[in-house]
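> So that you have it, the file is query06.txt, and it contains compact mmCIF, C-alpha atoms:
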```
# COMPACT_ATOMS: atom_id res chain seq x y z
CA MET A 1 0.00 0.00 0.00
CA ASP A 2 2.83 2.42 0.85
CA GLY A 3 4.42 1.73 -2.53
CA LEU A 4 1.14 2.43 -4.32
CA LEU A 5 0.68 5.71 -2.48
CA SER A 6 4.26 6.70 -3.25
CA THR A 7 3.65 6.06 -6.94
CA PHE A 8 0.55 8.27 -6.79
CA MET A 9 2.51 11.08 -5.15
CA LEU A 10 5.21 10.94 -7.79
CA CYS A 11 2.60 11.30 -10.55
CA SER A 12 1.21 14.56 -9.23
CA ASP A 13 1.77 17.28 -6.67
CA THR A 14 -1.62 16.50 -5.14
CA PRO A 15 -1.32 15.17 -1.55
CA TYR A 16 -2.76 11.78 -2.42
CA ILE A 17 -2.56 10.30 1.06
CA ASN A 18 -4.80 13.01 2.51
CA ASP A 19 -7.13 12.98 -0.49
CA ILE A 20 -7.54 9.22 -0.38
CA MET A 21 -8.10 9.08 3.36
CA GLN A 22 -10.59 11.95 3.36
CA ALA A 23 -12.52 10.57 0.40
CA TYR A 24 -12.49 7.05 1.83
CA LEU A 25 -13.66 8.11 5.29
CA PHE A 26 -16.36 10.30 3.77
CA ALA A 27 -17.63 7.40 1.60
CA ILE A 28 -17.57 4.97 4.54
CA MET A 29 -19.43 7.44 6.76
CA ILE A 30 -22.09 7.94 4.09
CA SER A 31 -22.41 4.17 3.67
CA LEU A 32 -22.64 3.65 7.43
CA ILE A 33 -25.28 6.37 7.84
CA SER A 34 -27.27 4.96 4.92
CA THR A 35 -27.08 1.45 6.40
CA LEU A 36 -28.23 2.63 9.82
CA LEU A 37 -31.11 4.65 8.35
CA ASN A 38 -32.27 1.71 6.23
CA LEU A 39 -31.78 -0.88 8.95
CA PRO A 40 -35.23 -0.51 10.61
CA PHE A 41 -36.94 -0.76 7.22
CA SER A 42 -34.89 -3.81 6.29
CA ILE A 43 -35.73 -5.50 9.60
CA TYR A 44 -39.43 -4.70 9.15
CA SER A 45 -39.35 -5.98 5.57
CA HIS A 46 -37.78 -9.31 6.48
CA PHE A 47 -39.23 -10.08 9.88
CA VAL A 48 -42.69 -8.51 9.59
CA ILE A 49 -43.87 -8.32 5.98
CA GLU A 50 -41.97 -11.33 4.59
CA GLU A 51 -42.73 -13.30 7.75
CA LYS A 52 -46.43 -12.48 7.52
CA TYR A 53 -46.72 -14.06 4.07
CA GLY A 54 -44.45 -17.01 4.82
CA PHE A 55 -41.48 -15.95 2.69
CA ASN A 56 -38.87 -15.22 5.34
CA LYS A 57 -36.54 -18.08 6.28
CA MET A 58 -33.79 -15.86 7.66
CA THR A 59 -32.78 -15.98 11.32
CA PRO A 60 -31.70 -12.86 13.23
CA GLY A 61 -28.15 -14.24 13.31
CA THR A 62 -28.07 -14.66 9.53
CA PHE A 63 -29.49 -11.15 9.08
CA VAL A 64 -26.77 -9.57 11.25
CA SER A 65 -24.08 -11.64 9.50
CA ASP A 66 -25.32 -10.57 6.07
CA GLU A 67 -25.39 -6.89 7.03
CA LEU A 68 -21.82 -7.05 8.35
CA LYS A 69 -20.65 -8.82 5.18
CA LYS A 70 -22.34 -6.21 2.99
CA PHE A 71 -20.64 -3.38 4.86
CA ALA A 72 -17.26 -5.13 4.67
CA ILE A 73 -17.67 -5.61 0.91
CA VAL A 74 -18.49 -1.93 0.47
CA ALA A 75 -15.45 -0.98 2.56
CA VAL A 76 -13.10 -3.16 0.49
CA LEU A 77 -14.47 -2.05 -2.89
CA THR A 78 -14.35 1.60 -1.82
CA ALA A 79 -10.71 1.19 -0.78
CA VAL A 80 -9.91 0.07 -4.32
CA VAL A 81 -12.16 2.36 -6.34
CA ILE A 82 -11.45 5.69 -4.65
CA PRO A 83 -7.63 5.68 -5.13
CA LEU A 84 -8.14 4.59 -8.74
CA ILE A 85 -10.65 7.35 -9.49
CA LEU A 86 -8.51 10.01 -7.80
CA TRP A 87 -5.48 8.87 -9.80
CA VAL A 88 -7.46 9.05 -13.07
CA VAL A 89 -8.80 12.52 -12.25
CA ALA A 90 -5.34 13.83 -11.31
CA ASN A 91 -3.46 12.40 -14.30
CA SER A 92 -5.85 12.30 -17.27
CA GLY A 93 -5.55 15.93 -18.29
CA PRO A 94 -7.72 16.92 -21.29
CA ALA A 95 -8.71 13.26 -21.77
CA LEU A 96 -10.42 13.12 -18.37
CA VAL A 97 -13.95 12.48 -19.67
CA PHE A 98 -12.91 9.58 -21.91
CA THR A 99 -10.49 8.09 -19.39
CA LEU A 100 -12.99 8.30 -16.56
CA ALA A 101 -15.72 6.80 -18.73
CA GLY A 102 -13.44 3.94 -19.76
CA THR A 103 -12.42 3.34 -16.16
CA SER A 104 -16.06 3.28 -15.04
CA ILE A 105 -17.00 0.78 -17.75
CA ALA A 106 -14.05 -1.43 -16.82
CA LEU A 107 -15.07 -1.33 -13.15
CA VAL A 108 -18.64 -2.34 -14.00
CA LEU A 109 -17.38 -5.30 -16.04
CA ILE A 110 -14.90 -6.39 -13.35
CA ILE A 111 -17.54 -6.19 -10.62
CA SER A 112 -19.92 -8.16 -12.84
CA LEU A 113 -17.33 -10.94 -12.84
CA LEU A 114 -16.58 -10.67 -9.12
CA VAL A 115 -20.21 -10.81 -7.97
CA PRO A 116 -20.91 -14.46 -8.94
CA THR A 117 -17.40 -15.75 -8.27
CA VAL A 118 -16.41 -13.93 -5.07
CA ILE A 119 -19.34 -12.06 -3.52
CA VAL A 120 -22.29 -14.45 -3.95
CA PRO A 121 -20.37 -17.37 -2.34
CA LEU A 122 -20.04 -15.24 0.81
CA PHE A 123 -23.81 -15.50 1.23
CA PHE A 124 -24.83 -18.69 -0.59
CA THR A 125 -23.41 -22.13 -1.29
CA TYR A 126 -23.03 -23.29 -4.89
CA ALA A 127 -23.73 -26.85 -5.99
CA ASP A 128 -23.72 -28.43 -9.44
CA LEU A 129 -27.13 -29.12 -10.94
CA GLU A 130 -27.51 -32.88 -11.11
CA GLU A 131 -27.84 -34.63 -14.44
CA GLY A 132 -31.40 -35.04 -15.64
CA ASP A 133 -34.26 -33.54 -17.62
CA LEU A 134 -33.91 -30.06 -16.11
CA LYS A 135 -30.22 -29.74 -16.94
CA LYS A 136 -30.89 -31.05 -20.45
CA ALA A 137 -33.71 -28.51 -20.94
CA ILE A 138 -31.51 -25.60 -19.82
CA LEU A 139 -28.65 -26.62 -22.09
CA GLU A 140 -31.09 -26.93 -24.98
CA GLU A 141 -32.40 -23.42 -24.25
CA ALA A 142 -28.85 -22.06 -24.12
CA ALA A 143 -28.07 -23.70 -27.47
CA ARG A 144 -31.30 -22.36 -28.98
CA THR A 145 -30.43 -18.80 -27.94
CA ASP A 146 -26.79 -19.30 -28.98
CA VAL A 147 -25.45 -18.55 -25.49
CA LYS A 148 -22.43 -20.56 -24.36
CA VAL A 149 -22.90 -21.87 -20.84
CA ALA A 150 -19.96 -23.42 -18.99
CA GLU A 151 -21.77 -24.41 -15.79
CA ILE A 152 -25.24 -24.77 -14.30
CA LYS A 153 -25.26 -24.17 -10.56
CA VAL A 154 -27.83 -24.28 -7.74
CA ILE A 155 -27.64 -22.01 -4.69
CA ASP A 156 -29.31 -22.52 -1.33
CA GLY A 157 -31.62 -19.51 -1.42
CA SER A 158 -34.11 -21.41 0.75
CA LYS A 159 -31.96 -20.63 3.81
CA ARG A 160 -33.01 -16.99 3.57
CA SER A 161 -36.28 -16.87 1.64
CA SER A 162 -38.86 -18.98 -0.11
CA HIS A 163 -38.82 -16.57 -3.07
CA SER A 164 -37.48 -18.16 -6.24
CA ASN A 165 -35.21 -16.77 -8.95
CA ALA A 166 -32.41 -17.49 -11.40
CA PHE A 167 -29.65 -15.52 -13.08
CA VAL A 168 -26.91 -15.82 -15.69
CA SER A 169 -23.47 -14.51 -14.75
CA GLY A 170 -20.03 -14.18 -16.27
CA PHE A 171 -18.78 -13.68 -19.79
CA TRP A 172 -17.55 -15.87 -22.63
CA ASN A 173 -16.30 -19.27 -21.45
CA PHE A 174 -16.89 -18.35 -17.78
CA ARG A 175 -20.64 -17.91 -18.13
CA LYS A 176 -22.86 -19.88 -15.75
CA VAL A 177 -26.58 -20.31 -15.18
CA VAL A 178 -27.51 -20.15 -11.49
CA LEU A 179 -30.82 -21.46 -10.14
CA PHE A 180 -32.25 -20.92 -6.67
CA ASP A 181 -33.15 -24.25 -5.06
CA THR A 182 -36.59 -22.78 -4.34
CA LEU A 183 -37.24 -22.32 -8.07
CA ILE A 184 -36.48 -25.99 -8.71
CA ALA A 185 -38.67 -27.07 -5.79
CA GLN A 186 -41.63 -24.84 -6.64
CA GLN A 187 -41.85 -24.97 -10.44
CA PRO A 188 -42.05 -27.68 -13.11
CA ILE A 189 -39.28 -27.98 -15.70
CA ASP A 190 -41.11 -25.91 -18.36
CA GLU A 191 -41.55 -23.00 -15.93
CA VAL A 192 -37.89 -23.14 -14.86
CA ARG A 193 -36.92 -23.22 -18.52
CA ALA A 194 -39.02 -20.10 -19.17
CA VAL A 195 -37.34 -18.25 -16.29
CA VAL A 196 -33.90 -19.24 -17.59
CA ASN A 197 -34.91 -18.12 -21.09
CA HIS A 198 -35.67 -14.68 -19.67
CA GLU A 199 -32.24 -14.53 -18.05
CA LEU A 200 -30.53 -15.70 -21.25
CA GLY A 201 -32.33 -12.87 -23.00
CA HIS A 202 -30.30 -10.39 -20.97
CA VAL A 203 -27.16 -11.99 -22.42
CA VAL A 204 -28.47 -12.08 -25.98
CA HIS A 205 -29.37 -8.38 -25.84
CA ASN A 206 -26.11 -7.38 -24.09
CA HIS A 207 -27.89 -5.70 -21.20
CA VAL A 208 -24.80 -5.74 -18.96
CA LEU A 209 -22.72 -3.92 -21.58
CA LYS A 210 -25.53 -1.49 -22.33
CA HIS A 211 -25.88 -0.77 -18.64
CA ALA A 212 -22.14 -0.11 -18.42
CA PHE A 213 -22.33 2.45 -21.23
CA CYS A 214 -25.51 4.19 -20.03
```
Here is a file; write its structure as structure tokens.

Amino acid sequence: MDGLLSTFMLCSDTPYINDIMQAYLFAIMISLISTLLNLPFSIYSHFVIEEKYGFNKMTPGTFVSDELKKFAIVAVLTAVVIPLILWVVANSGPALVFTLAGTSIALVLIISLLVPTVIVPLFFTYADLEEGDLKKAILEEAARTDVKVAEIKVIDGSKRSSHSNAFVSGFWNFRKVVLFDTLIAQQPIDEVRAVVNHELGHVVHNHVLKHAFC
């Protein structure tokens, strides 16, 4: 870290150490305040509304653990992003707009790769979808939409909620289809296939890239 800060200071006369620390502390304080303000609403949502309709499966211990993990993730990402952005702003000169835009797009793409591979496993456990009609149907749907899928995974969403969902993550040869175990338990194969088709549609229409540019 000291070497990185020294490199920053050599690139510009700006006192990077102070700038980074002030910006980082400000961002963390804003995040902490936001978390504390939203905490009562989040508790009410999970343990009153979701509980009332039978969706909540989360324990108070899991809730507290998740909130701490979320804050830690924000703290780590902020520690990486803020020095990078300050360095780009200080050293881009007339090309600031284009350099900052390119940096932002790159960050969105990198985070899109980190979410399923690093962040999601902090909250859920992945398992391979067993061989059978469902896996065959999903692979057929992927082939029909011309989307290469490397893996089909199942996560234990039932530990937190009885809501069901699915998503497609990653790019190129690292792309995977992820199913919530609740979706498999609650819906027949044709319905699961329809949900996966919707998620594959995001890939076909490049929604992640479009979001990065917008």
> For a test of reading the model, state the distance in Å between CA of Asp128 in chain A and CA of Val154 in chain A, rounded to one decimal.
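So the two atoms, CA of Asp128 in chain A and CA of Val154 in chain A, lie 6.1 Å apart.
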> Do you know which residues are at most 10 Å from Thr125 in chain A counting all atoms listed in the file, after dropping those on the same chain fewer than 6 positions away, and could you put them as a list in words?
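The residues satisfying every condition are Lys153, Val154, Ile155, Asp156 and Gly157 of chain A.
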> Okay, now the selection with C-alpha atoms, as an mmCIF file, keeping the file's coordinate frame?

```
data_model
loop_
_atom_site.group_PDB
_atom_site.id
_atom_site.type_symbol
_atom_site.label_atom_id
_atom_site.label_comp_id
_atom_site.auth_asym_id
_atom_site.auth_seq_id
_atom_site.Cartn_x
_atom_site.Cartn_y
_atom_site.Cartn_z
ATOM 1 C CA LYS A 153 -25.260 -24.170 -10.560
ATOM 2 C CA VAL A 154 -27.830 -24.280 -7.740
ATOM 3 C CA ILE A 155 -27.640 -22.010 -4.690
ATOM 4 C CA ASP A 156 -29.310 -22.520 -1.330
ATOM 5 C CA GLY A 157 -31.620 -19.510 -1.420
#
```
> Name the residues in contact with Leu32 in chain A at a cut-off of 10 Å, using all atoms listed in the file, excluding same-chain residues fewer than 5 positions from it; report them as a ChimeraX atom specification.
/A:26-27,37-38,71,74-75
> From the set A:Thr117, A:Ser161, A:Asn18, A:Asn173, which residue has the shortest atom-to-atom contact distance to Lys148 in chain A, counting all atoms listed in the file?
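The answer is A:Asn173, which sits nearest to Lys148 in chain A.
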> Would you mind telling me which residue in A:Glu151, A:Glu131, A:Ser31, A:Phe180 lies nearest to Thr78 in chain A when using all atoms listed in the file?
A:Ser31
> Could you pull the residues within 9 Å of Val204 in chain A, counting only C-alpha atoms, minus those fewer than 6 positions along the same chain, as a list in words?
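After dropping sequence-adjacent residues, the list is Thr145, Asp146 and Val147 of chain A.
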> Could you work out how far CA of Leu109 in chain A lies from CA of Phe124 in chain A, giving the answer in Å with one decimal?
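Going from CA of Phe124 in chain A over to CA of Leu109 in chain A covers 21.8 Å.
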> Need the neighbours of (-9.1, 10.1, -7.9): which residues are at most 10 Å away, counting all atoms listed in the file, as JSON, numbers by chain?
{"A": [8, 16, 19, 20, 23, 81, 82, 83, 84, 85, 86, 87, 88, 89, 90, 91, 100]}
> Identify which of the residues A:Val120, A:Ala166, A:Ile17, A:Leu68 lies closest to Leu36 in chain A, counting all atoms listed in the file when measuring atom-to-atom distances.
A:Leu68
> I need the residue nearest Arg144 in chain A from this list: A:Thr103, A:Ser45, A:Ser65, A:Asn197. Use only C-alpha atoms for the distance.
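Counting only C-alpha atoms, the residue closest to Arg144 in chain A is A:Asn197.
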> In Å, rounded to a single decimal, give me how far CA of Phe41 in chain A is from CA of Pro116 in chain A.
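Separation of CA of Pro116 in chain A and CA of Phe41 in chain A: 26.6 Å.
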> Neighbouring residues of Met58 in chain A were defined as those with any atom within 10 Å, considering only C-alpha atoms; residues of the same chain fewer than 6 positions away were excluded. Please report them as a VMD selection string.
chain A and resid 46 to 47 50 to 51 158 to 162
> For Glu67 in chain A, which residue out of A:Ala79, A:Leu39, A:Ile49, A:Met29 is the nearest one, using all atoms listed in the file?
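Answer, going by the shortest atom-to-atom distance: A:Leu39.
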> Lys69 in chain A: which residues within 12 Å, counting all atoms listed in the file, same-chain residues fewer than 3 positions away excluded, as an mmCIF file with C-alpha atoms, keeping the file's coordinate frame?

```cif
data_model
loop_
_atom_site.group_PDB
_atom_site.id
_atom_site.type_symbol
_atom_site.label_atom_id
_atom_site.label_comp_id
_atom_site.auth_asym_id
_atom_site.auth_seq_id
_atom_site.Cartn_x
_atom_site.Cartn_y
_atom_site.Cartn_z
ATOM 1 C CA THR A 62 -28.070 -14.660 9.530
ATOM 2 C CA PHE A 63 -29.490 -11.150 9.080
ATOM 3 C CA VAL A 64 -26.770 -9.570 11.250
ATOM 4 C CA SER A 65 -24.080 -11.640 9.500
ATOM 5 C CA ASP A 66 -25.320 -10.570 6.070
ATOM 6 C CA ALA A 72 -17.260 -5.130 4.670
ATOM 7 C CA ILE A 73 -17.670 -5.610 0.910
ATOM 8 C CA VAL A 74 -18.490 -1.930 0.470
ATOM 9 C CA ALA A 75 -15.450 -0.980 2.560
ATOM 10 C CA VAL A 76 -13.100 -3.160 0.490
ATOM 11 C CA ILE A 119 -19.340 -12.060 -3.520
ATOM 12 C CA VAL A 120 -22.290 -14.450 -3.950
ATOM 13 C CA PRO A 121 -20.370 -17.370 -2.340
ATOM 14 C CA LEU A 122 -20.040 -15.240 0.810
ATOM 15 C CA PHE A 123 -23.810 -15.500 1.230
#
```
> Of the candidates A:Thr182, A:Met21, A:His205, A:Asp190, which shows the shortest atom-to-atom distance to Lys57 in chain A, using all atoms listed in the file?
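Looking at the shortest contact to Lys57 in chain A, the residue is A:Thr182.
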> Adding 5 Å on each side of the box along x, y and z that holds all listed atoms of range 140-151 of chain A, could you give its centre and edge lengths in Å to one decimal, as lines of an AutoDock Vina configuration file?

```
center_x = -26.2
center_y = -22.7
center_z = -22.4
size_x = 22.4
size_y = 18.4
size_z = 23.2
```
> Generate the missing atoms of range 156-183 of chain A up to N, CA and C atoms and report them as a PDB file, in the frame of the given file.

```pdb
ATOM      1  N   ASP A 156     -28.382 -22.236  -2.412  1.00  0.00           N
ATOM      2  CA  ASP A 156     -29.310 -22.520  -1.330  1.00  0.00           C
ATOM      3  C   ASP A 156     -30.066 -21.274  -0.858  1.00  0.00           C
ATOM      4  N   GLY A 157     -30.837 -20.699  -1.770  1.00  0.00           N
ATOM      5  CA  GLY A 157     -31.620 -19.510  -1.420  1.00  0.00           C
ATOM      6  C   GLY A 157     -32.675 -19.780  -0.373  1.00  0.00           C
ATOM      7  N   SER A 158     -33.066 -21.047  -0.215  1.00  0.00           N
ATOM      8  CA  SER A 158     -34.110 -21.410   0.750  1.00  0.00           C
ATOM      9  C   SER A 158     -33.701 -21.141   2.189  1.00  0.00           C
ATOM     10  N   LYS A 159     -32.407 -20.934   2.455  1.00  0.00           N
ATOM     11  CA  LYS A 159     -31.960 -20.630   3.810  1.00  0.00           C
ATOM     12  C   LYS A 159     -32.359 -19.219   4.237  1.00  0.00           C
ATOM     13  N   ARG A 160     -32.670 -18.373   3.254  1.00  0.00           N
ATOM     14  CA  ARG A 160     -33.010 -16.990   3.570  1.00  0.00           C
ATOM     15  C   ARG A 160     -34.429 -16.614   3.169  1.00  0.00           C
ATOM     16  N   SER A 161     -34.947 -17.244   2.123  1.00  0.00           N
ATOM     17  CA  SER A 161     -36.280 -16.870   1.640  1.00  0.00           C
ATOM     18  C   SER A 161     -36.876 -17.999   0.816  1.00  0.00           C
ATOM     19  N   SER A 162     -38.201 -18.002   0.746  1.00  0.00           N
ATOM     20  CA  SER A 162     -38.860 -18.980  -0.110  1.00  0.00           C
ATOM     21  C   SER A 162     -39.157 -18.396  -1.497  1.00  0.00           C
ATOM     22  N   HIS A 163     -38.738 -17.140  -1.725  1.00  0.00           N
ATOM     23  CA  HIS A 163     -38.820 -16.570  -3.070  1.00  0.00           C
ATOM     24  C   HIS A 163     -37.915 -17.368  -4.007  1.00  0.00           C
ATOM     25  N   SER A 164     -38.274 -17.407  -5.268  1.00  0.00           N
ATOM     26  CA  SER A 164     -37.480 -18.160  -6.240  1.00  0.00           C
ATOM     27  C   SER A 164     -36.965 -17.230  -7.335  1.00  0.00           C
ATOM     28  N   ASN A 165     -35.809 -17.597  -7.908  1.00  0.00           N
ATOM     29  CA  ASN A 165     -35.210 -16.770  -8.950  1.00  0.00           C
ATOM     30  C   ASN A 165     -34.127 -17.556  -9.661  1.00  0.00           C
ATOM     31  N   ALA A 166     -33.544 -16.931 -10.664  1.00  0.00           N
ATOM     32  CA  ALA A 166     -32.410 -17.490 -11.400  1.00  0.00           C
ATOM     33  C   ALA A 166     -31.656 -16.335 -12.026  1.00  0.00           C
ATOM     34  N   PHE A 167     -30.404 -16.548 -12.374  1.00  0.00           N
ATOM     35  CA  PHE A 167     -29.650 -15.520 -13.080  1.00  0.00           C
ATOM     36  C   PHE A 167     -28.533 -16.156 -13.884  1.00  0.00           C
ATOM     37  N   VAL A 168     -28.044 -15.401 -14.857  1.00  0.00           N
ATOM     38  CA  VAL A 168     -26.910 -15.820 -15.690  1.00  0.00           C
ATOM     39  C   VAL A 168     -25.776 -14.854 -15.402  1.00  0.00           C
ATOM     40  N   SER A 169     -24.594 -15.370 -15.117  1.00  0.00           N
ATOM     41  CA  SER A 169     -23.470 -14.510 -14.750  1.00  0.00           C
ATOM     42  C   SER A 169     -22.230 -14.883 -15.548  1.00  0.00           C
ATOM     43  N   GLY A 170     -21.296 -13.926 -15.584  1.00  0.00           N
ATOM     44  CA  GLY A 170     -20.030 -14.180 -16.270  1.00  0.00           C
ATOM     45  C   GLY A 170     -20.078 -13.849 -17.745  1.00  0.00           C
ATOM     46  N   PHE A 171     -18.915 -13.980 -18.372  1.00  0.00           N
ATOM     47  CA  PHE A 171     -18.780 -13.680 -19.790  1.00  0.00           C
ATOM     48  C   PHE A 171     -18.039 -14.825 -20.481  1.00  0.00           C
ATOM     49  N   TRP A 172     -18.279 -14.949 -21.762  1.00  0.00           N
ATOM     50  CA  TRP A 172     -17.550 -15.870 -22.630  1.00  0.00           C
ATOM     51  C   TRP A 172     -17.543 -17.293 -22.063  1.00  0.00           C
ATOM     52  N   ASN A 173     -16.372 -17.888 -21.915  1.00  0.00           N
ATOM     53  CA  ASN A 173     -16.300 -19.270 -21.450  1.00  0.00           C
ATOM     54  C   ASN A 173     -16.483 -19.417 -19.936  1.00  0.00           C
ATOM     55  N   PHE A 174     -16.693 -18.303 -19.229  1.00  0.00           N
ATOM     56  CA  PHE A 174     -16.890 -18.350 -17.780  1.00  0.00           C
ATOM     57  C   PHE A 174     -18.357 -18.192 -17.401  1.00  0.00           C
ATOM     58  N   ARG A 175     -19.232 -18.182 -18.398  1.00  0.00           N
ATOM     59  CA  ARG A 175     -20.640 -17.910 -18.130  1.00  0.00           C
ATOM     60  C   ARG A 175     -21.304 -19.115 -17.443  1.00  0.00           C
ATOM     61  N   LYS A 176     -22.155 -18.817 -16.451  1.00  0.00           N
ATOM     62  CA  LYS A 176     -22.860 -19.880 -15.750  1.00  0.00           C
ATOM     63  C   LYS A 176     -24.324 -19.488 -15.530  1.00  0.00           C
ATOM     64  N   VAL A 177     -25.181 -20.486 -15.545  1.00  0.00           N
ATOM     65  CA  VAL A 177     -26.580 -20.310 -15.180  1.00  0.00           C
ATOM     66  C   VAL A 177     -26.718 -20.722 -13.717  1.00  0.00           C
ATOM     67  N   VAL A 178     -27.349 -19.868 -12.917  1.00  0.00           N
ATOM     68  CA  VAL A 178     -27.510 -20.150 -11.490  1.00  0.00           C
ATOM     69  C   VAL A 178     -29.001 -20.187 -11.156  1.00  0.00           C
ATOM     70  N   LEU A 179     -29.431 -21.275 -10.536  1.00  0.00           N
ATOM     71  CA  LEU A 179     -30.820 -21.460 -10.140  1.00  0.00           C
ATOM     72  C   LEU A 179     -30.935 -21.451  -8.617  1.00  0.00           C
ATOM     73  N   PHE A 180     -31.953 -20.797  -8.098  1.00  0.00           N
ATOM     74  CA  PHE A 180     -32.250 -20.920  -6.670  1.00  0.00           C
ATOM     75  C   PHE A 180     -32.897 -22.287  -6.445  1.00  0.00           C
ATOM     76  N   ASP A 181     -32.553 -22.937  -5.343  1.00  0.00           N
ATOM     77  CA  ASP A 181     -33.150 -24.250  -5.060  1.00  0.00           C
ATOM     78  C   ASP A 181     -34.669 -24.146  -4.890  1.00  0.00           C
ATOM     79  N   THR A 182     -35.150 -22.979  -4.479  1.00  0.00           N
ATOM     80  CA  THR A 182     -36.590 -22.780  -4.340  1.00  0.00           C
ATOM     81  C   THR A 182     -37.297 -22.800  -5.687  1.00  0.00           C
ATOM     82  N   LEU A 183     -36.646 -22.296  -6.721  1.00  0.00           N
ATOM     83  CA  LEU A 183     -37.240 -22.320  -8.070  1.00  0.00           C
ATOM     84  C   LEU A 183     -37.420 -23.754  -8.533  1.00  0.00           C
TER      85      LEU A 183
END
```
